[in-house]
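K.L.:
Here you go, run_12.cif (mmCIF, C-alpha atoms):
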```cif
data_data
loop_
_atom_site.label_atom_id
_atom_site.label_comp_id
_atom_site.auth_asym_id
_atom_site.auth_seq_id
_atom_site.Cartn_x
_atom_site.Cartn_y
_atom_site.Cartn_z
CA MET A 1 11.06 -12.11 -2.34
CA MET A 2 7.70 -10.40 -2.02
CA LEU A 3 4.35 -11.06 -3.65
CA HIS A 4 2.34 -8.00 -4.69
CA THR A 5 -1.29 -8.34 -5.73
CA PHE A 6 -3.03 -5.57 -7.69
CA ASN A 7 -6.79 -5.42 -8.23
CA LYS A 8 -7.03 -2.28 -10.41
CA LEU A 9 -4.98 -0.77 -13.19
CA SER A 10 -4.85 2.64 -11.46
CA VAL A 11 -3.54 1.04 -8.27
CA LEU A 12 -0.93 -0.82 -10.28
CA ASN A 13 0.25 2.31 -12.07
CA GLU A 14 0.55 4.26 -8.84
CA ASN A 15 2.40 1.63 -6.84
CA LEU A 16 4.51 -0.36 -9.27
CA ARG A 17 7.41 1.88 -8.19
CA PHE A 18 7.54 -0.01 -4.86
CA VAL A 19 7.99 -3.41 -6.52
CA ALA A 20 11.56 -4.73 -6.61
CA PRO A 21 12.73 -6.46 -9.83
CA GLU A 22 12.91 -9.87 -8.10
CA ASP A 23 9.39 -9.56 -6.60
CA GLN A 24 6.35 -11.38 -7.94
CA VAL A 25 3.35 -9.50 -9.32
CA LEU A 26 -0.08 -11.12 -9.35
CA LEU A 27 -2.93 -9.42 -11.20
CA ILE A 28 -6.38 -10.11 -9.80
CA GLU A 29 -9.90 -8.76 -10.47
CA ASP A 30 -9.74 -5.62 -12.69
CA GLY A 31 -5.95 -5.64 -12.33
CA VAL A 32 -5.85 -8.12 -15.22
CA TYR A 33 -6.74 -5.25 -17.59
CA ALA A 34 -3.07 -4.26 -17.27
CA LEU A 35 -2.42 -7.08 -19.75
CA LEU A 36 -4.14 -4.99 -22.44
CA THR A 37 -1.76 -2.08 -21.85
CA GLN A 38 1.91 -1.33 -22.23
CA SER A 39 2.22 -1.20 -18.44
CA PRO A 40 5.81 -1.64 -17.21
CA ALA A 41 4.38 -4.47 -15.06
CA ILE A 42 4.29 -6.57 -18.21
CA LYS A 43 8.07 -6.46 -18.27
CA ASN A 44 8.35 -7.95 -14.76
CA GLY A 45 9.76 -11.45 -15.17
CA ASN A 46 7.54 -12.82 -12.41
CA LEU A 47 4.14 -11.78 -13.65
CA PHE A 48 1.04 -13.83 -12.84
CA ALA A 49 -2.67 -13.37 -13.45
CA LEU A 50 -5.59 -15.14 -11.81
CA ASP A 51 -7.07 -17.45 -14.43
CA VAL A 52 -10.74 -17.02 -13.52
CA ASP A 53 -10.44 -13.21 -13.53
CA VAL A 54 -8.71 -13.27 -16.93
CA GLN A 55 -11.39 -15.54 -18.36
CA ALA A 56 -14.22 -13.51 -16.85
CA ARG A 57 -12.96 -10.34 -18.55
CA GLY A 58 -12.04 -11.84 -21.88
CA VAL A 59 -8.44 -10.65 -21.67
CA THR A 60 -5.79 -12.42 -23.75
CA LEU A 61 -2.55 -13.47 -22.09
CA ASP A 62 0.78 -13.34 -23.80
CA ALA A 63 3.72 -15.60 -22.96
CA SER A 64 5.23 -13.18 -20.42
CA CYS A 65 2.36 -13.75 -18.00
CA LYS A 66 1.61 -17.04 -16.22
CA LYS A 67 -1.98 -17.99 -15.46
CA VAL A 68 -2.62 -19.22 -11.92
CA SER A 69 -5.55 -21.07 -10.34
CA TYR A 70 -6.86 -20.27 -6.85
CA ASP A 71 -4.75 -23.16 -5.50
CA GLU A 72 -1.63 -21.75 -7.15
CA PHE A 73 -2.55 -18.31 -5.74
CA VAL A 74 -2.37 -19.90 -2.27
CA THR A 75 0.99 -21.50 -3.12
CA LEU A 76 2.40 -18.12 -4.21
CA CYS A 77 1.25 -16.59 -0.91
CA VAL A 78 2.77 -19.36 1.18
CA GLU A 79 6.10 -19.25 -0.65
CA ALA A 80 6.51 -15.47 -0.52
CA ASP A 81 8.49 -13.92 2.36
CA GLN A 82 6.03 -11.04 2.50
CA ILE A 83 2.74 -10.16 0.79
CA LYS A 84 1.36 -6.73 -0.05
CA ASN A 85 -2.17 -6.52 -1.33
CA TRP A 86 -2.55 -3.26 -3.23
CA PHE A 87 -6.22 -2.26 -3.56
CA MET B 1 8.12 -8.47 19.80
CA SER B 2 6.08 -8.66 16.64
CA GLN B 3 6.48 -5.88 14.12
CA ILE B 4 3.53 -4.55 12.18
CA LEU B 5 3.61 -2.04 9.36
CA PHE B 6 0.39 -0.08 8.88
CA VAL B 7 0.05 1.26 5.34
CA MET B 8 -2.34 4.20 4.96
CA SER B 9 -3.27 4.83 1.34
CA ARG B 10 -6.77 6.34 1.50
CA SER B 11 -7.74 10.01 1.77
CA PRO B 12 -8.73 11.34 5.22
CA GLY B 13 -12.46 11.47 4.45
CA THR B 14 -12.71 7.71 4.03
CA ILE B 15 -13.67 5.16 6.64
CA ASN B 16 -10.50 3.19 5.80
CA ALA B 17 -8.36 6.11 6.96
CA GLN B 18 -10.12 6.49 10.29
CA GLU B 19 -10.36 2.77 10.95
CA GLY B 20 -6.69 2.46 10.06
CA PHE B 21 -5.75 5.05 12.64
CA ASP B 22 -7.87 3.32 15.30
CA ALA B 23 -6.29 -0.01 14.41
CA LEU B 24 -2.84 1.54 14.67
CA LEU B 25 -3.54 2.83 18.19
CA MET B 26 -4.91 -0.55 19.22
CA GLY B 27 -2.03 -2.42 17.62
CA SER B 28 0.51 -0.24 19.39
CA ALA B 29 -0.69 -1.67 22.73
CA PHE B 30 0.37 -5.16 21.68
CA ALA B 31 3.13 -4.84 19.11
CA GLN B 32 5.88 -2.63 17.74
CA CYS B 33 4.06 -0.64 15.06
CA SER B 34 5.29 1.53 12.22
CA VAL B 35 3.17 3.53 9.82
CA LEU B 36 3.67 4.36 6.16
CA PHE B 37 1.63 6.94 4.24
CA LEU B 38 1.25 6.37 0.50
CA GLY B 39 -0.86 7.70 -2.37
CA ASP B 40 -4.05 9.47 -1.26
CA GLY B 41 -3.10 8.56 2.30
CA LEU B 42 -0.58 11.40 2.18
CA TYR B 43 -3.46 13.89 2.37
CA GLN B 44 -4.06 12.66 5.93
CA LEU B 45 -0.84 14.47 6.84
CA LEU B 46 -2.07 17.96 5.92
CA LYS B 47 -1.96 20.30 8.92
CA GLU B 48 -4.95 22.59 8.39
CA GLN B 49 -7.88 20.20 8.23
CA ASN B 50 -11.36 21.21 9.36
CA PRO B 51 -13.87 18.60 8.15
CA GLU B 52 -16.51 19.51 10.79
CA PRO B 53 -18.61 21.60 8.31
CA ILE B 54 -18.97 18.49 6.14
CA GLY B 55 -20.01 16.44 9.12
CA SER B 56 -16.86 14.53 10.01
CA LYS B 57 -14.49 14.58 12.91
CA ASN B 58 -10.87 15.62 12.47
CA TYR B 59 -9.28 12.40 13.70
CA THR B 60 -5.90 13.47 12.25
CA LYS B 61 -5.39 15.69 15.32
CA GLY B 62 -4.68 12.40 17.06
CA PHE B 63 -1.52 11.91 15.01
CA SER B 64 0.39 14.13 17.44
CA ALA B 65 -0.34 11.53 20.17
CA LEU B 66 1.31 8.71 18.23
CA SER B 67 4.62 9.13 20.05
CA ASP B 68 2.78 8.65 23.38
CA TYR B 69 1.62 5.30 22.01
CA GLY B 70 5.19 4.35 21.16
CA VAL B 71 4.70 4.84 17.44
CA THR B 72 7.81 6.73 16.43
CA GLN B 73 8.52 5.17 13.04
CA ILE B 74 6.38 7.27 10.72
CA TYR B 75 7.22 7.18 7.04
CA CYS B 76 5.94 8.42 3.71
CA SER B 77 6.86 8.13 0.05
CA GLU B 78 9.14 10.94 -1.06
CA SER B 79 8.26 10.53 -4.74
CA GLN B 80 4.50 10.49 -4.13
CA LEU B 81 4.67 13.41 -1.68
CA LYS B 82 6.31 15.42 -4.43
CA GLU B 83 3.50 14.46 -6.85
CA THR B 84 0.79 15.63 -4.43
CA GLY B 85 2.34 19.10 -4.19
CA ILE B 86 2.34 18.99 -0.40
CA LYS B 87 5.23 20.97 1.09
CA SER B 88 7.05 19.79 4.22
CA GLY B 89 5.81 22.85 6.15
CA GLU B 90 2.22 21.74 5.56
CA LEU B 91 2.62 18.43 7.40
CA ASN B 92 0.98 17.91 10.79
CA ILE B 93 3.66 15.52 12.13
CA ASN B 94 7.31 14.68 11.54
CA VAL B 95 7.59 11.99 8.91
CA GLU B 96 10.62 10.32 7.44
CA LEU B 97 10.71 10.49 3.64
CA LEU B 98 11.65 7.21 1.97
CA THR B 99 12.68 6.40 -1.58
CA ASP B 100 10.79 3.75 -3.59
CA ASP B 101 13.50 1.16 -2.87
CA GLU B 102 13.51 1.95 0.85
CA ILE B 103 9.74 1.40 0.93
CA ASN B 104 10.12 -2.02 -0.69
CA GLN B 105 12.71 -2.81 1.98
CA LEU B 106 10.33 -1.62 4.72
CA PHE B 107 7.75 -4.22 3.61
CA VAL B 108 10.38 -6.95 3.70
CA GLU B 109 11.64 -5.97 7.18
CA HIS B 110 8.23 -6.17 8.85
CA GLN B 111 6.54 -9.40 9.92
CA SER B 112 3.10 -8.20 8.93
CA VAL B 113 1.78 -5.51 6.63
CA LEU B 114 -1.74 -4.19 7.19
CA SER B 115 -3.23 -1.99 4.45
CA PHE B 116 -5.88 0.64 5.05
#
```
Please express the file's structure as structure tokens.
P.N.:
Amino acid sequence: MMLHTFNKLSVLNENLRFVAPEDQVLLIEDGVYALLTQSPAIKNGNLFALDVDVQARGVTLDASCKKVSYDEFVTLCVEADQIKNWF
Amino acid sequence: MSQILFVMSRSPGTINAQEGFDALLMGSAFAQCSVLFLGDGLYQLLKEQNPEPIGSKNYTKGFSALSDYGVTQIYCSESQLKETGIKSGELNINVELLTDDEINQLFVEHQSVLSF
């Protein structure tokens, strides 16, 4: 299982094709704006967003996305077999 | 031997692209390295580049030396290459075209992934 982080909506849209269904997706920085869209990323069962970045941008989370703290971000990284930071 | 995947996803005019190439050459001295071109990084593969008039060096000429450095696993995204409109005859080196699923698998198979 891989962890993919995305920091922009454009980067997410271009590279979501390389994410396997069982992989985890973590939205950080401006990547959290994907939550406002109908991005296919929203349908990924393992979708996370960095809490402080969500709060900073005033984005509302729905139930399909789990909020994570910085500590939980670290936990996700440690538990993943591989990490790809898309930026 | 450690295995490193270098992912190039910036256009050739950027510092990321050139630094990525330098890092790849350096890395190849210490580890088994593969390289994957994605997104705007695919434009690095165009054969006829002459950026001297705009004040930059054509570092992509160095790609042909990759095999001398032991870098023989050179990949790119088939679906994204199609989107760029680049034809296979316009490429400066031999690259293996991978499907989206194969690229996901490539990440999993490597110990480290470095993105440029």
K.L.:
A:Val78, A:Val52, A:Leu9, A:Ile83: which is nearest Tyr33 (chain A), counting only C-alpha atoms?
P.N.:
A:Leu9
K.L.:
When you get a sec, could you note down which chain A residues fall within 7 Å of chain B, using all atoms listed in the file, as a list in words?
P.N.:
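Filtering chain A at 7 Å from chain B with all atoms listed in the file gives Arg17, Phe18, Val19, Ala20, Gln82 and Lys84 of chain A.
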K.L.:
With C-alpha atoms retained, export the selected residues as a tab-separated table (two decimals), keeping the file's coordinate frame.
P.N.:
```tsv
chain	number	residue	atom	x	y	z
A	17	ARG	CA	7.41	1.88	-8.19
A	18	PHE	CA	7.54	-0.01	-4.86
A	19	VAL	CA	7.99	-3.41	-6.52
A	20	ALA	CA	11.56	-4.73	-6.61
A	82	GLN	CA	6.03	-11.04	2.50
A	84	LYS	CA	1.36	-6.73	-0.05
```
K.L.:
So what do you get for CA of Asn44 (chain A) versus CA of Phe37 (chain B), distance-wise?
P.N.:
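Separation between CA of Asn44 (chain A) and CA of Phe37 (chain B): 25.1 Å.
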K.L.:
What's the 12 Å shell around Asp68 (chain B), counting only C-alpha atoms, without same-chain residues fewer than 5 positions away, as an mmCIF file with C-alpha atoms, keeping the file's coordinate frame?
P.N.:
```cif
data_model
loop_
_atom_site.group_PDB
_atom_site.id
_atom_site.type_symbol
_atom_site.label_atom_id
_atom_site.label_comp_id
_atom_site.auth_asym_id
_atom_site.auth_seq_id
_atom_site.Cartn_x
_atom_site.Cartn_y
_atom_site.Cartn_z
ATOM 1 C CA LEU B 25 -3.540 2.830 18.190
ATOM 2 C CA SER B 28 0.510 -0.240 19.390
ATOM 3 C CA ALA B 29 -0.690 -1.670 22.730
ATOM 4 C CA GLY B 62 -4.680 12.400 17.060
ATOM 5 C CA PHE B 63 -1.520 11.910 15.010
#
```
K.L.:
On this structure, which residues satisfy the PyMOL selection byres ((chain A and resi 37) around 12), written as an MDAnalysis selection string?
P.N.:
chainID A and resid 9:10 12:13 31:36 38:43 59:62
K.L.:
Would you kindly translate the PyMOL selection byres ((chain B and resi 30) around 12) into the concrete residues it picks from this file, as a list of chain:residue names?
P.N.:
B:Met1, B:Ser2, B:Gln3, B:Ile4, B:Ala23, B:Leu24, B:Leu25, B:Met26, B:Gly27, B:Ser28, B:Ala29, B:Ala31, B:Gln32, B:Cys33, B:Tyr69, B:Gly70, B:Val71
K.L.:
Write out as a PyMOL selection string which residues come within 8 Å of Leu81 (chain B) when counting all atoms listed in the file, dropping same-chain ones fewer than 5 positions away.
P.N.:
chain B and resi 39+42+76+86
K.L.:
Do you know which residues the PyMOL selection byres ((chain A and resi 7) around 7) returns on this file, as a list in words?
P.N.:
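For this structure, the PyMOL selection byres ((chain A and resi 7) around 7) captures Thr5, Phe6, Lys8, Leu27, Ile28, Glu29, Asp30, Gly31, Trp86 and Phe87 of chain A.
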K.L.:
Determine, counting only C-alpha atoms, which protein, DNA and RNA residues have an atom within 8 Å of an atom of Leu3 (chain A); residues of the same chain fewer than 5 positions away are not included. Present the result as a PyMOL selection string.
P.N.:
chain A and resi 23-26+76-77+80-84
K.L.:
By how many Å are CA of Pro53 (chain B) and CA of Lys87 (chain B) apart?
P.N.:
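Here the two named atoms are 24.9 Å from each other.
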K.L.:
Please provide the set of residues having any atom within 12 Å of Asn50 (chain B), restricted to only C-alpha atoms, with same-chain residues fewer than 5 positions apart removed, written as a list in words.
P.N.:
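Contacts, in chain order: Pro12, Gly13, Gln44, Gly55, Ser56, Lys57, Asn58, Tyr59, Thr60 and Lys61 of chain B.
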K.L.:
With all atoms of region 24-33 of chain B from the file as input, state the centre and edge lengths in Å to one decimal of the axis-aligned box that has 6 Å extra on each side, as JSON.
P.N.:
```
{"center_x": 0.5, "center_y": -1.2, "center_z": 18.7, "size_x": 22.8, "size_y": 20.0, "size_z": 20.1}
```
K.L.:
Nearest to Leu36 (chain B): which of B:Gln73, B:Gln49, B:Ser64, B:Asn92 is it, counting only C-alpha atoms?
P.N.:
B:Gln73
K.L.:
Which distance in Å separates CA of Tyr43 (chain B) and CA of Met8 (chain B), to one decimal?
P.N.:
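These atoms are spaced 10.1 Å apart.
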K.L.:
I'd like to know which of B:Ala17, B:Leu106, B:Leu98, B:Ile93 is closest to Ser67 (chain B), using only C-alpha atoms.
P.N.:
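Closest to Ser67 (chain B), using only C-alpha atoms: B:Ile93.
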K.L.:
Add whatever atoms are absent from region 101-112 of chain B to reach N, CA and C atoms, and provide the output as a PDB file, in the frame of the given file.
P.N.:
```pdb
ATOM      1  N   ASP B 101      12.778   2.371  -3.272  1.00  0.00           N
ATOM      2  CA  ASP B 101      13.500   1.160  -2.870  1.00  0.00           C
ATOM      3  C   ASP B 101      13.451   0.950  -1.351  1.00  0.00           C
ATOM      4  N   GLU B 102      13.564   2.050  -0.623  1.00  0.00           N
ATOM      5  CA  GLU B 102      13.510   1.950   0.850  1.00  0.00           C
ATOM      6  C   GLU B 102      12.137   1.467   1.303  1.00  0.00           C
ATOM      7  N   ILE B 103      11.094   1.839   0.574  1.00  0.00           N
ATOM      8  CA  ILE B 103       9.740   1.400   0.930  1.00  0.00           C
ATOM      9  C   ILE B 103       9.586  -0.096   0.669  1.00  0.00           C
ATOM     10  N   ASN B 104      10.137  -0.568  -0.424  1.00  0.00           N
ATOM     11  CA  ASN B 104      10.120  -2.020  -0.690  1.00  0.00           C
ATOM     12  C   ASN B 104      10.811  -2.748   0.454  1.00  0.00           C
ATOM     13  N   GLN B 105      11.939  -2.208   0.895  1.00  0.00           N
ATOM     14  CA  GLN B 105      12.710  -2.810   1.980  1.00  0.00           C
ATOM     15  C   GLN B 105      11.929  -2.803   3.298  1.00  0.00           C
ATOM     16  N   LEU B 106      11.153  -1.743   3.505  1.00  0.00           N
ATOM     17  CA  LEU B 106      10.330  -1.620   4.720  1.00  0.00           C
ATOM     18  C   LEU B 106       9.310  -2.767   4.792  1.00  0.00           C
ATOM     19  N   PHE B 107       8.703  -3.099   3.652  1.00  0.00           N
ATOM     20  CA  PHE B 107       7.750  -4.220   3.610  1.00  0.00           C
ATOM     21  C   PHE B 107       8.449  -5.514   4.020  1.00  0.00           C
ATOM     22  N   VAL B 108       9.644  -5.713   3.469  1.00  0.00           N
ATOM     23  CA  VAL B 108      10.380  -6.950   3.700  1.00  0.00           C
ATOM     24  C   VAL B 108      10.784  -7.077   5.173  1.00  0.00           C
ATOM     25  N   GLU B 109      11.139  -5.949   5.794  1.00  0.00           N
ATOM     26  CA  GLU B 109      11.640  -5.970   7.180  1.00  0.00           C
ATOM     27  C   GLU B 109      10.551  -6.263   8.211  1.00  0.00           C
ATOM     28  N   HIS B 110       9.299  -5.978   7.875  1.00  0.00           N
ATOM     29  CA  HIS B 110       8.230  -6.170   8.850  1.00  0.00           C
ATOM     30  C   HIS B 110       7.611  -7.566   8.751  1.00  0.00           C
ATOM     31  N   GLN B 111       7.175  -8.078   9.911  1.00  0.00           N
ATOM     32  CA  GLN B 111       6.540  -9.400   9.920  1.00  0.00           C
ATOM     33  C   GLN B 111       5.181  -9.362   9.239  1.00  0.00           C
ATOM     34  N   SER B 112       4.442  -8.308   9.505  1.00  0.00           N
ATOM     35  CA  SER B 112       3.100  -8.200   8.930  1.00  0.00           C
ATOM     36  C   SER B 112       2.901  -6.819   8.332  1.00  0.00           C
TER      37      SER B 112
END
```
